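Chemist: Submitted below is the structure of interest, expressed as structure tokens.
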Amino acid sequence: MTDRADTFESPVAYGQTLPQAERQRVLRNTYWLLALSLIPTVLGAWLGVASGITRSLTGGLGLVVFMLGAFGFMFAIEKTKNSAAGVPVLLGFTFFMGLMLSRLIAMVLGFKNGSELVMTAFGGTAGVFFVMASLATVIKRDLSGMGKFLFVGVLVLFFGSIINVFVGSTAGMLAISVAAIGIFSAYMLYDLKQIIDGGETNYISATLALYLDLFNVFQSLLALLGIFGGERD
């Protein structure tokens, strides 16, 4: 589970919104960059599976490498989000995330129906995004108050995930995966609503937030499908 750390606070308060044209521009650029970010993610996952480079990243070592890389990249994205370097840094982050995801993907591909499970997880994540995007356009009320509750939920998931890395409990993994799908689906709605309402003005920050939502939903769905739907030869 990837900690958003409530990624970045919105620079514009609810009600002090941007002009409609500017909000549409931010949303459009966010969608384009989000779609683009999937390419290095897939490349990173493919490289990891093909080379087995992440195979040894288990337990505490894997956690340390992941934490240092993820938070290092997120810090760099925050520092460069208003410059020309922002997009390349974000794409570098998504490549790294694909590489880190490759260990789970390789495990699932080890099942007889592994490819089907990966595509099912991808389709399920796309479905969640479509539903949340549709809801964000029709809900009129201010959802900015959700942020604090969702952040607390992410913190609980984050520390629960760290503990479970060392405990190795299947039941714990199941509980964390189910909770992560619910929390990050809600976060997806929250982040999309922030963009639509003009509460998020930087499309790189917006893309990072949505990418983390999608990544965590996909990862959790894939873990659940691997546990319940994996067929061994």
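If you're wondering about the labels, chains in the structure tokens are A, B, ... by order shown, residues count from 1 in each chain, ligands from 1 in order shown.
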If we count only C-alpha atoms and set the cut-off at 8 Å, which residues sit around Gly98 in chain A, ignoring sequence neighbours fewer than 2 positions away in its own chain? Please answer as a PyMOL selection string.
Modeler: chain A and resi 40-46+48+94-96+100-102
Chemist: Quick one: residues within 10 Å of Leu150 in chain A, only C-alpha atoms counted, chain neighbours fewer than 5 positions away excluded, as a compact mmCIF listing (two decimals) with C-alpha atoms, in the first residue's frame?
Modeler:
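And here's part_33.txt as it stands now:
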# COMPACT_ATOMS: atom_id res chain seq x y z
CA ASP A 6 -2.28 13.49 1.94
CA GLY A 145 -14.25 17.81 4.56
CA LEU A 155 -2.35 6.46 8.04
CA VAL A 156 -4.01 3.43 9.65
CA ILE A 183 -10.44 4.29 1.06
CA PHE A 184 -8.61 5.00 -2.20
CA ALA A 186 -13.24 7.49 -1.95
CA TYR A 187 -9.98 9.43 -2.27
CA TYR A 190 -12.35 13.52 -3.42
Chemist: Which residue gives the smallest distance to Gly226 in chain A among A:Asn202, A:Gly110, A:Thr207, A:Phe159, with only C-alpha atoms counted?
Modeler: A:Gly110
Chemist: Contacts of range 119-124 of chain A at 7 Å or less, counting only C-alpha atoms, minus same-chain residues fewer than 3 places along, as a list in words?
Modeler: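 The residues satisfying every condition are Ser115, Glu116, Gly127, Val128, Phe218, Leu221 and Leu222 of chain A.
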Chemist: Considering only C-alpha atoms, state which residue in the set A:Ser134, A:Thr58, A:Ser51, A:Thr80 is at the smallest distance from Ser205 in chain A.
Modeler: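 Counting only C-alpha atoms, the residue closest to Ser205 in chain A is A:Thr80.
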